[in-house]
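Peer 1: Just my_file31.pdb, nothing more (PDB, C-alpha atoms):
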ATOM      1  CA  ALA A 228       0.000   0.000   0.000
ATOM      2  CA  LEU A 229       2.785   2.443   0.869
ATOM      3  CA  PRO A 230       4.456   2.427  -2.594
ATOM      4  CA  ALA A 231       1.045   3.038  -4.207
ATOM      5  CA  LEU A 232       0.375   6.000  -1.894
ATOM      6  CA  ASN A 233       3.828   7.445  -2.554
ATOM      7  CA  GLU A 234       3.311   7.020  -6.302
ATOM      8  CA  ARG A 235       0.163   9.133  -6.084
ATOM      9  CA  GLY A 236       1.981  11.943  -4.325
ATOM     10  CA  TYR A 237       0.372  11.812  -0.889
ATOM     11  CA  PRO A 238       2.391  13.526   1.869
ATOM     12  CA  LYS A 239       4.541  10.853   3.466
ATOM     13  CA  HIS A 240       3.450  11.510   7.045
ATOM     14  CA  GLN A 241      -0.199  11.270   5.979
ATOM     15  CA  SER A 242       0.370   7.999   4.124
ATOM     16  CA  LEU A 243       2.184   6.470   7.085
ATOM     17  CA  GLY A 244      -0.370   7.781   9.567
ATOM     18  CA  SER A 245      -3.318   6.460   7.569
ATOM     19  CA  LEU A 246      -1.767   2.985   7.398
ATOM     20  CA  ALA A 247      -1.098   2.909  11.145
ATOM     21  CA  ALA A 248      -4.563   4.219  12.027
ATOM     22  CA  GLY A 249      -6.364   2.117   9.433
ATOM     23  CA  GLY A 250      -4.777  -0.981  10.912
ATOM     24  CA  THR A 251      -6.623  -0.357  14.185
ATOM     25  CA  LEU A 252     -10.044  -0.778  12.559
ATOM     26  CA  GLY A 253      -9.626  -4.545  12.461
ATOM     27  CA  ILE A 254     -10.255  -4.922  16.200
ATOM     28  CA  LEU A 255     -13.572  -3.053  15.964
ATOM     29  CA  ILE A 256     -15.068  -4.426  12.755
ATOM     30  CA  PRO A 257     -16.124  -8.047  13.430
ATOM     31  CA  PRO A 258     -15.034 -10.729  13.781
ATOM     32  CA  SER A 259     -12.744  -9.242  16.428
ATOM     33  CA  ILE A 260     -10.380 -10.925  18.889
ATOM     34  CA  ALA A 261     -10.632  -7.894  21.194
ATOM     35  CA  LEU A 262     -14.432  -8.237  21.398
ATOM     36  CA  LEU A 263     -14.080 -11.996  21.861
ATOM     37  CA  ILE A 264     -11.797 -11.482  24.871
ATOM     38  CA  TYR A 265     -14.093  -8.812  26.323
ATOM     39  CA  GLY A 266     -17.097 -11.098  25.980
ATOM     40  CA  SER A 267     -15.228 -13.990  27.590
ATOM     41  CA  LEU A 268     -14.112 -11.854  30.537
ATOM     42  CA  THR A 269     -17.541 -10.344  31.164
ATOM     43  CA  ASN A 270     -19.812 -13.264  30.182
ATOM     44  CA  ASN A 271     -21.579 -11.187  27.538
ATOM     45  CA  SER A 272     -22.944 -12.421  24.220
ATOM     46  CA  ILE A 273     -20.191 -12.638  21.597
ATOM     47  CA  SER A 274     -22.860 -12.468  18.890
ATOM     48  CA  GLN A 275     -24.247  -9.173  20.196
ATOM     49  CA  LEU A 276     -20.758  -7.725  20.622
ATOM     50  CA  PHE A 277     -19.824  -8.604  17.037
ATOM     51  CA  VAL A 278     -23.016  -7.070  15.664
ATOM     52  CA  ALA A 279     -22.588  -3.988  17.886
ATOM     53  CA  GLY A 280     -19.216  -3.293  16.279
ATOM     54  CA  VAL A 281     -20.542  -3.104  12.708
ATOM     55  CA  ILE A 282     -22.063   0.411  12.637
ATOM     56  CA  PRO A 283     -19.330   2.097  14.747
ATOM     57  CA  GLY A 284     -16.669   0.370  12.644
ATOM     58  CA  LEU A 285     -18.177   1.526   9.354
ATOM     59  CA  LEU A 286     -18.788   5.064  10.641
ATOM     60  CA  LEU A 287     -15.238   5.393  11.959
ATOM     61  CA  THR A 288     -13.905   4.124   8.629
ATOM     62  CA  ALA A 289     -15.997   6.763   6.847
ATOM     63  CA  CYS A 290     -14.628   9.458   9.181
ATOM     64  CA  PHE A 291     -11.072   8.421   8.314
ATOM     65  CA  MET A 292     -11.870   8.525   4.589
ATOM     66  CA  ILE A 293     -13.486  11.964   4.823
ATOM     67  CA  TYR A 294     -10.507  13.374   6.724
ATOM     68  CA  ILE A 295      -8.014  11.994   4.178
ATOM     69  CA  ALA A 296     -10.020  13.417   1.261
ATOM     70  CA  VAL A 297     -10.419  16.855   2.875
ATOM     71  CA  ALA A 298      -6.770  17.015   3.965
ATOM     72  CA  HIS A 299      -5.607  16.071   0.472
ATOM     73  CA  VAL A 300      -7.769  18.758  -1.155
ATOM     74  CA  MET A 301      -6.584  21.382   1.339
ATOM     75  CA  ALA A 302      -2.986  20.409   0.558
ATOM     76  CA  GLY A 303      -3.534  21.310  -3.088
ATOM     77  CA  GLY A 304      -4.863  18.114  -4.592
ATOM     78  CA  PRO A 305      -2.881  15.343  -6.274
ATOM     79  CA  ARG A 306       0.793  16.068  -6.818
ATOM     80  CA  THR A 307       1.172  13.202  -9.257
ATOM     81  CA  VAL A 308      -1.444  12.615 -11.941
ATOM     82  CA  LEU A 309      -1.655   8.959 -12.938
ATOM     83  CA  PRO A 310      -3.554   7.625 -15.939
ATOM     84  CA  PRO A 311      -7.073   6.561 -14.928
ATOM     85  CA  PRO A 312      -7.581   2.801 -14.549
ATOM     86  CA  THR A 313      -9.283   1.005 -17.384
ATOM     87  CA  TRP A 314     -12.707  -0.550 -16.919
ATOM     88  CA  ARG A 315     -11.050  -3.951 -17.094
ATOM     89  CA  ASP A 316      -8.792  -3.041 -14.166
ATOM     90  CA  ARG A 317     -11.779  -1.771 -12.215
ATOM     91  CA  PHE A 318     -13.780  -4.953 -12.773
ATOM     92  CA  GLN A 319     -10.775  -7.085 -11.819
ATOM     93  CA  ALA A 320     -10.357  -5.131  -8.589
ATOM     94  CA  LEU A 321     -14.084  -5.399  -7.888
ATOM     95  CA  PHE A 322     -14.052  -9.131  -8.608
ATOM     96  CA  ALA A 323     -11.185  -9.591  -6.134
ATOM     97  CA  LEU A 324     -13.425  -8.179  -3.383
ATOM     98  CA  ILE A 325     -16.113 -10.827  -3.859
ATOM     99  CA  PRO A 326     -14.551 -13.657  -1.764
ATOM    100  CA  PRO A 327     -13.901 -11.629   1.431
ATOM    101  CA  LEU A 328     -17.261  -9.870   1.070
ATOM    102  CA  VAL A 329     -19.142 -13.166   0.710
ATOM    103  CA  ILE A 330     -17.318 -14.644   3.720
ATOM    104  CA  PHE A 331     -18.131 -11.561   5.821
ATOM    105  CA  VAL A 332     -21.809 -11.656   4.826
ATOM    106  CA  ILE A 333     -22.098 -15.380   5.603
ATOM    107  CA  VAL A 334     -20.387 -15.085   8.993
ATOM    108  CA  MET A 335     -22.168 -11.940  10.191
ATOM    109  CA  GLY A 336     -25.466 -12.755   8.472
ATOM    110  CA  SER A 337     -25.698 -16.163  10.139
ATOM    111  CA  ILE A 338     -25.063 -14.526  13.524
ATOM    112  CA  TYR A 339     -27.470 -11.626  12.981
ATOM    113  CA  PHE A 340     -30.370 -13.787  11.795
ATOM    114  CA  GLY A 341     -29.871 -16.330  14.570
ATOM    115  CA  ILE A 342     -28.953 -19.121  12.166
ATOM    116  CA  ALA A 343     -25.654 -19.956  13.867
ATOM    117  CA  THR A 344     -23.608 -19.231  16.966
ATOM    118  CA  PRO A 345     -20.269 -17.383  16.562
ATOM    119  CA  THR A 346     -18.423 -20.729  16.611
ATOM    120  CA  GLU A 347     -20.738 -22.233  14.000
ATOM    121  CA  SER A 348     -20.561 -19.097  11.841
ATOM    122  CA  ALA A 349     -16.759 -19.288  11.984
ATOM    123  CA  ALA A 350     -16.983 -22.861  10.671
ATOM    124  CA  LEU A 351     -19.249 -21.643   7.853
ATOM    125  CA  GLY A 352     -16.661 -18.989   7.045
ATOM    126  CA  VAL A 353     -13.904 -21.617   6.884
ATOM    127  CA  VAL A 354     -15.932 -23.835   4.540
ATOM    128  CA  THR A 355     -16.674 -20.845   2.298
ATOM    129  CA  ALA A 356     -13.007 -19.819   2.255
ATOM    130  CA  LEU A 357     -11.986 -23.370   1.334
ATOM    131  CA  GLY A 358     -14.515 -23.286  -1.494
ATOM    132  CA  PHE A 359     -13.054 -20.068  -2.909
ATOM    133  CA  ALA A 360      -9.517 -21.449  -2.538
ATOM    134  CA  ALA A 361     -10.532 -24.555  -4.483
ATOM    135  CA  LEU A 362     -12.141 -22.466  -7.239
ATOM    136  CA  GLU A 363      -8.943 -20.418  -7.550
ATOM    137  CA  ARG A 364      -6.842 -23.624  -7.520
ATOM    138  CA  GLN A 365      -4.947 -22.542  -4.420
ATOM    139  CA  LEU A 366      -6.183 -25.335  -2.143
ATOM    140  CA  THR A 367      -2.987 -27.353  -1.672
ATOM    141  CA  PHE A 368      -1.678 -29.521   1.162
ATOM    142  CA  ALA A 369       1.035 -26.945   1.815
ATOM    143  CA  ALA A 370      -1.546 -24.160   2.124
ATOM    144  CA  LEU A 371      -3.723 -26.291   4.436
ATOM    145  CA  HIS A 372      -0.730 -27.180   6.615
ATOM    146  CA  LYS A 373       0.239 -23.527   6.905
ATOM    147  CA  ALA A 374      -3.359 -22.578   7.770
ATOM    148  CA  PHE A 375      -3.624 -25.320  10.424
ATOM    149  CA  VAL A 376      -0.341 -24.321  12.058
ATOM    150  CA  ARG A 377      -1.233 -20.638  12.062
ATOM    151  CA  THR A 378      -4.686 -21.410  13.486
ATOM    152  CA  ALA A 379      -3.174 -23.524  16.270
ATOM    153  CA  GLU A 380      -0.704 -20.764  17.147
ATOM    154  CA  LEU A 381      -3.377 -18.060  17.187
ATOM    155  CA  THR A 382      -5.875 -20.180  19.126
ATOM    156  CA  GLY A 383      -3.237 -21.150  21.675
ATOM    157  CA  MET A 384      -2.289 -17.504  22.171
ATOM    158  CA  ILE A 385      -5.910 -16.434  22.679
ATOM    159  CA  LEU A 386      -6.659 -19.289  25.086
ATOM    160  CA  LEU A 387      -3.553 -18.558  27.169
ATOM    161  CA  ILE A 388      -4.549 -14.894  27.375
ATOM    162  CA  ILE A 389      -8.086 -15.829  28.432
ATOM    163  CA  VAL A 390      -6.805 -18.302  31.057
ATOM    164  CA  GLY A 391      -4.481 -15.646  32.477
ATOM    165  CA  ALA A 392      -7.310 -13.131  32.459
ATOM    166  CA  PHE A 393      -9.604 -15.511  34.337
ATOM    167  CA  VAL A 394      -6.897 -16.119  36.951
ATOM    168  CA  LEU A 395      -6.472 -12.370  37.421
ATOM    169  CA  ASN A 396     -10.241 -11.915  37.513
ATOM    170  CA  LEU A 397     -10.590 -14.627  40.175
ATOM    171  CA  THR A 398      -7.759 -13.136  42.242
ATOM    172  CA  LEU A 399      -9.290  -9.665  42.175
ATOM    173  CA  SER A 400     -12.668 -11.140  43.067
ATOM    174  CA  LEU A 401     -11.298 -13.100  46.042
ATOM    175  CA  LEU A 402      -9.441 -10.016  47.280
ATOM    176  CA  GLY A 403     -12.570  -7.912  46.854
ATOM    177  CA  VAL A 404     -10.740  -5.299  44.773
ATOM    178  CA  ALA A 405     -13.509  -4.908  42.183
ATOM    179  CA  GLN A 406     -16.199  -4.596  44.854
ATOM    180  CA  ILE A 407     -14.213  -2.025  46.843
ATOM    181  CA  MET A 408     -13.484   0.046  43.727
ATOM    182  CA  THR A 409     -17.122  -0.129  42.636
ATOM    183  CA  GLN A 410     -18.400   1.000  46.030
ATOM    184  CA  TRP A 411     -15.867   3.830  46.148
ATOM    185  CA  VAL A 412     -16.757   5.143  42.675
ATOM    186  CA  VAL A 413     -20.494   4.887  43.395
ATOM    187  CA  SER A 414     -19.972   6.855  46.622
ATOM    188  CA  LEU A 415     -18.468   9.712  44.591
ATOM    189  CA  GLY A 416     -21.856  10.259  42.958
ATOM    190  CA  LEU A 417     -20.443  10.651  39.444
ATOM    191  CA  SER A 418     -22.853  10.466  36.533
ATOM    192  CA  LEU A 419     -22.217   7.840  33.878
ATOM    193  CA  THR A 420     -20.997  10.510  31.443
ATOM    194  CA  SER A 421     -18.557  11.967  33.984
ATOM    195  CA  LEU A 422     -17.282   8.488  34.806
ATOM    196  CA  LEU A 423     -16.691   7.682  31.136
ATOM    197  CA  LEU A 424     -14.829  10.958  30.591
ATOM    198  CA  VAL A 425     -12.537  10.056  33.493
ATOM    199  CA  MET A 426     -12.034   6.613  31.967
ATOM    200  CA  ILE A 427     -11.063   8.131  28.619
ATOM    201  CA  GLY A 428      -8.205   9.954  30.345
ATOM    202  CA  PHE A 429      -7.300   6.799  32.274
ATOM    203  CA  TYR A 430      -7.128   4.658  29.138
ATOM    204  CA  LEU A 431      -5.217   7.314  27.206
ATOM    205  CA  ILE A 432      -2.508   7.249  29.872
ATOM    206  CA  LEU A 433      -2.446   3.443  29.982
ATOM    207  CA  GLY A 434      -2.181   3.335  26.196
ATOM    208  CA  CYS A 435       1.175   5.082  26.403
ATOM    209  CA  PHE A 436       2.690   2.217  28.401
ATOM    210  CA  LEU A 437       0.726  -0.988  27.706
ATOM    211  CA  GLU A 438      -0.322  -2.842  24.578
ATOM    212  CA  VAL A 439      -3.946  -3.651  23.802
ATOM    213  CA  LEU A 440      -4.340  -7.121  25.308
ATOM    214  CA  SER A 441      -2.543  -6.109  28.500
ATOM    215  CA  ILE A 442      -4.896  -3.143  28.884
ATOM    216  CA  GLN A 443      -7.960  -5.333  28.432
ATOM    217  CA  VAL A 444      -6.862  -8.099  30.776
ATOM    218  CA  ALA A 445      -5.674  -5.714  33.493
ATOM    219  CA  THR A 446      -8.567  -3.239  33.493
ATOM    220  CA  ILE A 447     -11.801  -4.949  32.429
ATOM    221  CA  PRO A 448     -12.236  -6.914  35.693
ATOM    222  CA  ILE A 449     -12.246  -3.558  37.540
ATOM    223  CA  SER A 450     -13.758  -1.094  35.057
ATOM    224  CA  TYR A 451     -16.633  -3.349  33.933
ATOM    225  CA  PRO A 452     -18.437  -3.642  37.308
ATOM    226  CA  ILE A 453     -17.902   0.082  37.938
ATOM    227  CA  VAL A 454     -19.521   1.133  34.646
ATOM    228  CA  THR A 455     -22.391  -1.352  34.847
ATOM    229  CA  ALA A 456     -23.088  -0.279  38.450
ATOM    230  CA  ALA A 457     -23.342   3.299  37.169
ATOM    231  CA  GLY A 458     -25.943   2.231  34.595
ATOM    232  CA  GLY A 459     -23.746   1.604  31.562
ATOM    233  CA  ASP A 460     -24.828  -0.999  29.020
ATOM    234  CA  PRO A 461     -22.376  -3.945  28.995
ATOM    235  CA  ILE A 462     -22.519  -4.402  25.205
ATOM    236  CA  TRP A 463     -21.980  -0.680  24.611
ATOM    237  CA  PHE A 464     -19.074  -0.648  27.070
ATOM    238  CA  GLY A 465     -17.389  -3.377  25.029
ATOM    239  CA  ILE A 466     -17.335  -1.070  22.003
ATOM    240  CA  PHE A 467     -16.042   1.763  24.211
ATOM    241  CA  ILE A 468     -13.185  -0.446  25.456
ATOM    242  CA  VAL A 469     -12.251  -1.445  21.912
ATOM    243  CA  LEU A 470     -12.205   2.201  20.782
ATOM    244  CA  MET A 471      -9.841   3.004  23.640
ATOM    245  CA  SER A 472      -7.728   0.014  22.626
ATOM    246  CA  GLU A 473      -7.582   1.326  19.053
ATOM    247  CA  ILE A 474      -6.152   4.609  20.279
ATOM    248  CA  ALA A 475      -3.589   2.693  22.356
ATOM    249  CA  MET A 476      -2.378   0.948  19.186
ATOM    250  CA  ILE A 477      -1.112   4.257  17.766
ATOM    251  CA  THR A 478      -0.153   6.021  20.998
ATOM    252  CA  PRO A 479       3.612   6.406  21.548
ATOM    253  CA  PRO A 480       5.865   5.117  22.929
ATOM    254  CA  VAL A 481       4.322   1.603  22.974
ATOM    255  CA  GLY A 482       1.803   1.885  20.112
ATOM    256  CA  MET A 483       2.223  -1.418  18.259
ATOM    257  CA  ASN A 484       1.037  -0.180  14.865
ATOM    258  CA  LEU A 485       3.623   2.602  14.880
ATOM    259  CA  TYR A 486       6.421   0.032  14.954
ATOM    260  CA  VAL A 487       4.718  -2.249  12.430
ATOM    261  CA  VAL A 488       4.549   0.570   9.871
ATOM    262  CA  GLN A 489       8.086   1.682  10.748
ATOM    263  CA  GLY A 490       9.264  -1.874  10.117
ATOM    264  CA  VAL A 491       7.786  -2.116   6.612
ATOM    265  CA  ARG A 492       8.837   1.288   5.311
ATOM    266  CA  GLN A 493      12.069   1.224   3.344
ATOM    267  CA  ASP A 494      13.119   4.866   3.191
ATOM    268  CA  GLY A 495      15.001   4.927   6.500
ATOM    269  CA  GLY A 496      12.800   7.689   7.923
ATOM    270  CA  GLN A 497      12.183   8.373  11.595
ATOM    271  CA  ILE A 498       9.238   6.953  13.537
ATOM    272  CA  GLY A 499       8.349  10.509  14.567
ATOM    273  CA  GLU A 500       7.029  11.013  11.038
ATOM    274  CA  ILE A 501       4.479   8.237  11.622
ATOM    275  CA  MET A 502       3.517   9.669  15.017
ATOM    276  CA  ARG A 503       2.890  13.041  13.402
ATOM    277  CA  GLY A 504       0.658  11.423  10.805
ATOM    278  CA  THR A 505      -1.456   9.597  13.399
ATOM    279  CA  ILE A 506      -2.315  12.706  15.466
ATOM    280  CA  PRO A 507      -5.399  13.659  13.365
ATOM    281  CA  PHE A 508      -6.661  10.075  13.539
ATOM    282  CA  VAL A 509      -6.308  10.014  17.335
ATOM    283  CA  VAL A 510      -8.355  13.229  17.471
ATOM    284  CA  ILE A 511     -10.992  11.665  15.194
ATOM    285  CA  MET A 512     -11.206   8.547  17.374
ATOM    286  CA  LEU A 513     -11.546  10.638  20.534
ATOM    287  CA  ALA A 514     -14.298  12.711  18.916
ATOM    288  CA  PHE A 515     -16.010   9.525  17.754
ATOM    289  CA  THR A 516     -15.838   8.112  21.295
ATOM    290  CA  LEU A 517     -17.570  11.239  22.607
ATOM    291  CA  LEU A 518     -20.184  10.813  19.862
ATOM    292  CA  LEU A 519     -20.724   7.226  20.989
ATOM    293  CA  ILE A 520     -21.193   8.408  24.580
ATOM    294  CA  ALA A 521     -23.752  10.980  23.442
ATOM    295  CA  PHE A 522     -25.548   8.527  21.131
ATOM    296  CA  PRO A 523     -25.137   4.981  22.512
ATOM    297  CA  GLU A 524     -27.719   3.693  20.015
ATOM    298  CA  LEU A 525     -24.991   3.820  17.374
ATOM    299  CA  ALA A 526     -23.723   0.616  18.956
ATOM    300  CA  LEU A 527     -26.937  -0.747  20.474
ATOM    301  CA  TRP A 528     -29.481  -0.354  17.664
ATOM    302  CA  LEU A 529     -28.279  -3.238  15.491
ATOM    303  CA  PRO A 530     -27.931  -5.789  18.351
ATOM    304  CA  GLY A 531     -31.467  -4.856  19.415
ATOM    305  CA  LYS A 532     -32.734  -5.943  16.002
ATOM    306  CA  MET A 533     -31.051  -9.349  16.055
ATOM    307  CA  ILE A 534     -33.226 -12.385  15.468
ATOM    308  CA  GLY A 535     -33.192 -15.132  18.067
ATOM    309  CA  VAL A 536     -31.614 -13.036  20.847
TER
END
Output the file's structure as structure tokens, nothing else.
Peer 2:
Amino acid sequence: ALPALNERGYPKHQSLGSLAAGGTLGILIPPSIALLIYGSLTNNSISQLFVAGVIPGLLLTACFMIYIAVAHVMAGGPRTVLPPPTWRDRFQALFALIPPLVIFVIVMGSIYFGIATPTESAALGVVTALGFAALERQLTFAALHKAFVRTAELTGMILLIIVGAFVLNLTLSLLGVAQIMTQWVVSLGLSLTSLLLVMIGFYLILGCFLEVLSIQVATIPISYPIVTAAGGDPIWFGIFIVLMSEIAMITPPVGMNLYVVQGVRQDGGQIGEIMRGTIPFVVIMLAFTLLLIAFPELALWLPGKMIGV
């Protein structure tokens, strides 16, 4: 993606920043490991969490696109004029989108309409992906072996994280930490909005020093009972947590996506250039979080329309 952006004359810091920020959208738009871990830690419906992430994920993506378009126009428009793609190129690009789009529709559609559980919908997605791989003549034993190994590694990582999170959750519960914190916050008499604003600051600070999974595992056992005791919706709070985690992914000095983009660029530039490019996206995500606080139905409307829930 980076060579294509450079070829079109986009400012380098904006190209790098958009790649780093765009990479955070994957943990909000389902299926999402971050939402899976949140649901496991809080005993909430994974199906509802996945569906709740659809509208916020699409809206945040649109906000990113609008900012990039406006910023590019304000900078004077394209600096490099490339020949327009032919209709053949456009149809080829559109055709390449069909497999992932069909898989997404099958997975999310089966969850939304109550046809399958998240586990069953994942199996449907695998079968569909295997079908497309066979049609494209890419279904080989080597590809299957690589997929099985990668799946085992990823599943093992997630399960170890969840086991560790449950141990921490049990320890905090036995020590009464969550109950004490909940009672203390309730005694302060803060409104839900005031509490969430405080939490935004709290998570912004944590995001400077911890990566996403560490933030979730360390804070959800404490923050979840506090927010729900104050009247917050547990499904909505899952989307809030993921938005805060997205910001942490591009917050220096520990922001993981900053180092991923720095690792793939080949011009020898400084990481500060990427940090500069992500600042507008952090502002957009903060503004979007405030919008979600003001209008929680952005996350709750679609789960409320699910069939079989």
Peer 1: I'd like the interatomic distance between atom CA of Ala248 of chain A and atom CA of Asn271 of chain A, to a tenth of an Å.
Peer 2: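 Interatomic distance, atom CA of Ala248 of chain A to atom CA of Asn271 of chain A: 27.7 Å.
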Peer 1: With all atoms listed in the file as the atoms that count, which of A:Thr378, A:Asn270, A:Thr344, A:Thr251 lies nearest to Val439 of chain A?
Peer 2: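 Using all atoms listed in the file, Val439 of chain A sits closest to A:Thr251.
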Peer 1: Can you tell me how far atom CA of Gly465 of chain A sits from atom CA of Leu286 of chain A, in Å to one decimal?
Peer 2: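 Going from atom CA of Gly465 of chain A over to atom CA of Leu286 of chain A, I get 16.7 Å.
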Peer 1: Using all atoms listed in the file, find the one residue out of A:Ile534, A:Leu519, A:Ala475, A:Ala247 that sits nearest to Trp463 of chain A.
Peer 2: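 Going through A:Ile534, A:Leu519, A:Ala475, A:Ala247 one by one, the smallest distance to Trp463 of chain A is for A:Leu519.
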Peer 1: May I ask for the distance between atom CA of Thr409 of chain A and atom CA of Thr478 of chain A, given in Å to one decimal place?
Peer 2: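 For atom CA of Thr409 of chain A relative to atom CA of Thr478 of chain A, the distance reads 28.2 Å.
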Peer 1: Point out the residue among A:Ala392, A:Val281, A:Ala323, A:Ile498 with the least atom-to-atom distance to Lys239 of chain A, counting only C-alpha atoms.
Peer 2: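 Between A:Ala392, A:Val281, A:Ala323, A:Ile498, the residue approaching Lys239 of chain A most closely is A:Ile498.
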Peer 1: Could you list, as a ChimeraX atom specification, every residue matched by the PyMOL selection byres ((chain A and resi 299) around 12) in this structure?
Peer 2: /A:232,235-239,241-242,292-298,300-306
Peer 1: Tell me, as a list in words, which residues lie within 12 Å of Phe359 of chain A, counting only C-alpha atoms; anything in the same chain fewer than 5 positions away does not count.
Peer 2: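 Counting only C-alpha atoms, the residues come to Ala323, Leu324, Ile325, Pro326, Pro327, Leu328, Val329, Ile330, Gly352, Val353, Val354, Arg364, Gln365 and Leu366 of chain A.
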Peer 1: Evaluate the PyMOL selection byres ((chain A and resi 337) around 12) and record the selected residues as a list of chain:residue names, following the chain and residue labels used in the document.
Peer 2: A:Ser274, A:Phe277, A:Val278, A:Val329, A:Ile330, A:Phe331, A:Val332, A:Ile333, A:Val334, A:Met335, A:Gly336, A:Ile338, A:Tyr339, A:Phe340, A:Gly341, A:Ile342, A:Ala343, A:Thr344, A:Pro345, A:Thr346, A:Glu347, A:Ser348, A:Ala349, A:Ala350, A:Leu351, A:Gly352, A:Met533, A:Ile534, A:Gly535
Peer 1: Mind telling me what the PyMOL selection byres ((chain A and resi 244) around 9) catches here, as a PyMOL selection string?
Peer 2: chain A and resi 239-243+245-249+477+485+488+500-508
Peer 1: Export C-alpha atoms of the chosen residues as a PDB file, keeping the file's coordinate frame?
Peer 2:
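The resulting result_24.pdb:
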ATOM      1  CA  LYS A 239       4.541  10.853   3.466  1.00  0.00           C
ATOM      2  CA  HIS A 240       3.450  11.510   7.045  1.00  0.00           C
ATOM      3  CA  GLN A 241      -0.199  11.270   5.979  1.00  0.00           C
ATOM      4  CA  SER A 242       0.370   7.999   4.124  1.00  0.00           C
ATOM      5  CA  LEU A 243       2.184   6.470   7.085  1.00  0.00           C
ATOM      6  CA  SER A 245      -3.318   6.460   7.569  1.00  0.00           C
ATOM      7  CA  LEU A 246      -1.767   2.985   7.398  1.00  0.00           C
ATOM      8  CA  ALA A 247      -1.098   2.909  11.145  1.00  0.00           C
ATOM      9  CA  ALA A 248      -4.563   4.219  12.027  1.00  0.00           C
ATOM     10  CA  GLY A 249      -6.364   2.117   9.433  1.00  0.00           C
ATOM     11  CA  ILE A 477      -1.112   4.257  17.766  1.00  0.00           C
ATOM     12  CA  LEU A 485       3.623   2.602  14.880  1.00  0.00           C
ATOM     13  CA  VAL A 488       4.549   0.570   9.871  1.00  0.00           C
ATOM     14  CA  GLU A 500       7.029  11.013  11.038  1.00  0.00           C
ATOM     15  CA  ILE A 501       4.479   8.237  11.622  1.00  0.00           C
ATOM     16  CA  MET A 502       3.517   9.669  15.017  1.00  0.00           C
ATOM     17  CA  ARG A 503       2.890  13.041  13.402  1.00  0.00           C
ATOM     18  CA  GLY A 504       0.658  11.423  10.805  1.00  0.00           C
ATOM     19  CA  THR A 505      -1.456   9.597  13.399  1.00  0.00           C
ATOM     20  CA  ILE A 506      -2.315  12.706  15.466  1.00  0.00           C
ATOM     21  CA  PRO A 507      -5.399  13.659  13.365  1.00  0.00           C
ATOM     22  CA  PHE A 508      -6.661  10.075  13.539  1.00  0.00           C
TER      23      PHE A 508
END
Peer 1: Calculate, to one decimal in Å, the centre and edge lengths of the box along x, y and z of the file that holds all listed atoms of segment 307-325 of chain A with 5 Å of margin on each side, and present them as lines of an AutoDock Vina configuration file.
Peer 2:
center_x = -7.5
center_y = 1.2
center_z = -10.4
size_x = 27.3
size_y = 34.0
size_z = 24.0
Peer 1: If you count all atoms listed in the file, which residues fall within 10 Å of Cys435 of chain A, apart from same-chain ones fewer than 5 positions away, as a list of chain:residue names?
Peer 2: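 After dropping sequence-adjacent residues, the list is A:Tyr430, A:Ile474, A:Ala475, A:Met476, A:Ile477, A:Thr478, A:Pro479, A:Pro480, A:Val481, A:Gly482.
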Peer 1: Using only C-alpha atoms, please write the residues we just selected to a file, as a PDB file, keeping the file's coordinate frame.
Peer 2:
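Output file again10.pdb follows:
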ATOM      1  CA  TYR A 430      -7.128   4.658  29.138  1.00  0.00           C
ATOM      2  CA  ILE A 474      -6.152   4.609  20.279  1.00  0.00           C
ATOM      3  CA  ALA A 475      -3.589   2.693  22.356  1.00  0.00           C
ATOM      4  CA  MET A 476      -2.378   0.948  19.186  1.00  0.00           C
ATOM      5  CA  ILE A 477      -1.112   4.257  17.766  1.00  0.00           C
ATOM      6  CA  THR A 478      -0.153   6.021  20.998  1.00  0.00           C
ATOM      7  CA  PRO A 479       3.612   6.406  21.548  1.00  0.00           C
ATOM      8  CA  PRO A 480       5.865   5.117  22.929  1.00  0.00           C
ATOM      9  CA  VAL A 481       4.322   1.603  22.974  1.00  0.00           C
ATOM     10  CA  GLY A 482       1.803   1.885  20.112  1.00  0.00           C
TER      11      GLY A 482
END
Peer 1: Which residues, written as an mmCIF file with C-alpha atoms, keeping the file's coordinate frame, have at least one atom at most 7 Å from Phe393 of chain A, with only C-alpha atoms counted and residues fewer than 4 positions away on the same chain left out?
Peer 2:
data_model
loop_
_atom_site.group_PDB
_atom_site.id
_atom_site.type_symbol
_atom_site.label_atom_id
_atom_site.label_comp_id
_atom_site.auth_asym_id
_atom_site.auth_seq_id
_atom_site.Cartn_x
_atom_site.Cartn_y
_atom_site.Cartn_z
ATOM 1 C CA LEU A 268 -14.112 -11.854 30.537
ATOM 2 C CA ILE A 389 -8.086 -15.829 28.432
ATOM 3 C CA LEU A 397 -10.590 -14.627 40.175
#
Peer 1: Enumerate, in order of chain and increasing residue number, the residues of segment 393-502 of chain A with an atom no farther than 12 Å from segment 254-266 of chain A, each with its shortest atom pair and distance in Å to one decimal, counting all atoms listed in the file, as a tab-separated table.
Peer 2:
residue	atom	partner	partner_atom	distance
A:Phe393	CA	A:Ile264	CA	10.5
A:Glu438	CA	A:Ala261	CA	12.0
A:Val439	CA	A:Ala261	CA	8.3
A:Leu440	CA	A:Ala261	CA	7.6
A:Ser441	CA	A:Ala261	CA	11.0
A:Ile442	CA	A:Ala261	CA	10.7
A:Gln443	CA	A:Tyr265	CA	7.4
A:Val444	CA	A:Ile264	CA	8.4
A:Ala445	CA	A:Tyr265	CA	11.5
A:Thr446	CA	A:Tyr265	CA	10.6
A:Ile447	CA	A:Tyr265	CA	7.6
A:Pro448	CA	A:Tyr265	CA	9.7
A:Ser450	CA	A:Tyr265	CA	11.7
A:Tyr451	CA	A:Tyr265	CA	9.7
A:Pro461	CA	A:Gly266	CA	9.4
A:Ile462	CA	A:Gly266	CA	8.7
A:Trp463	CA	A:Leu262	CA	11.2
A:Phe464	CA	A:Tyr265	CA	9.6
A:Gly465	CA	A:Tyr265	CA	6.5
A:Ile466	CA	A:Leu255	CA	7.4
A:Phe467	CA	A:Leu255	CA	9.9
A:Ile468	CA	A:Tyr265	CA	8.5
A:Val469	CA	A:Leu255	CA	6.3
A:Leu470	CA	A:Leu255	CA	7.3
A:Met471	CA	A:Leu255	CA	10.5
A:Ser472	CA	A:Ile254	CA	8.5
A:Glu473	CA	A:Ile254	CA	7.4
A:Ile474	CA	A:Ile254	CA	11.1
A:Ala475	CA	A:Ile254	CA	11.8
A:Met476	CA	A:Ile254	CA	10.3
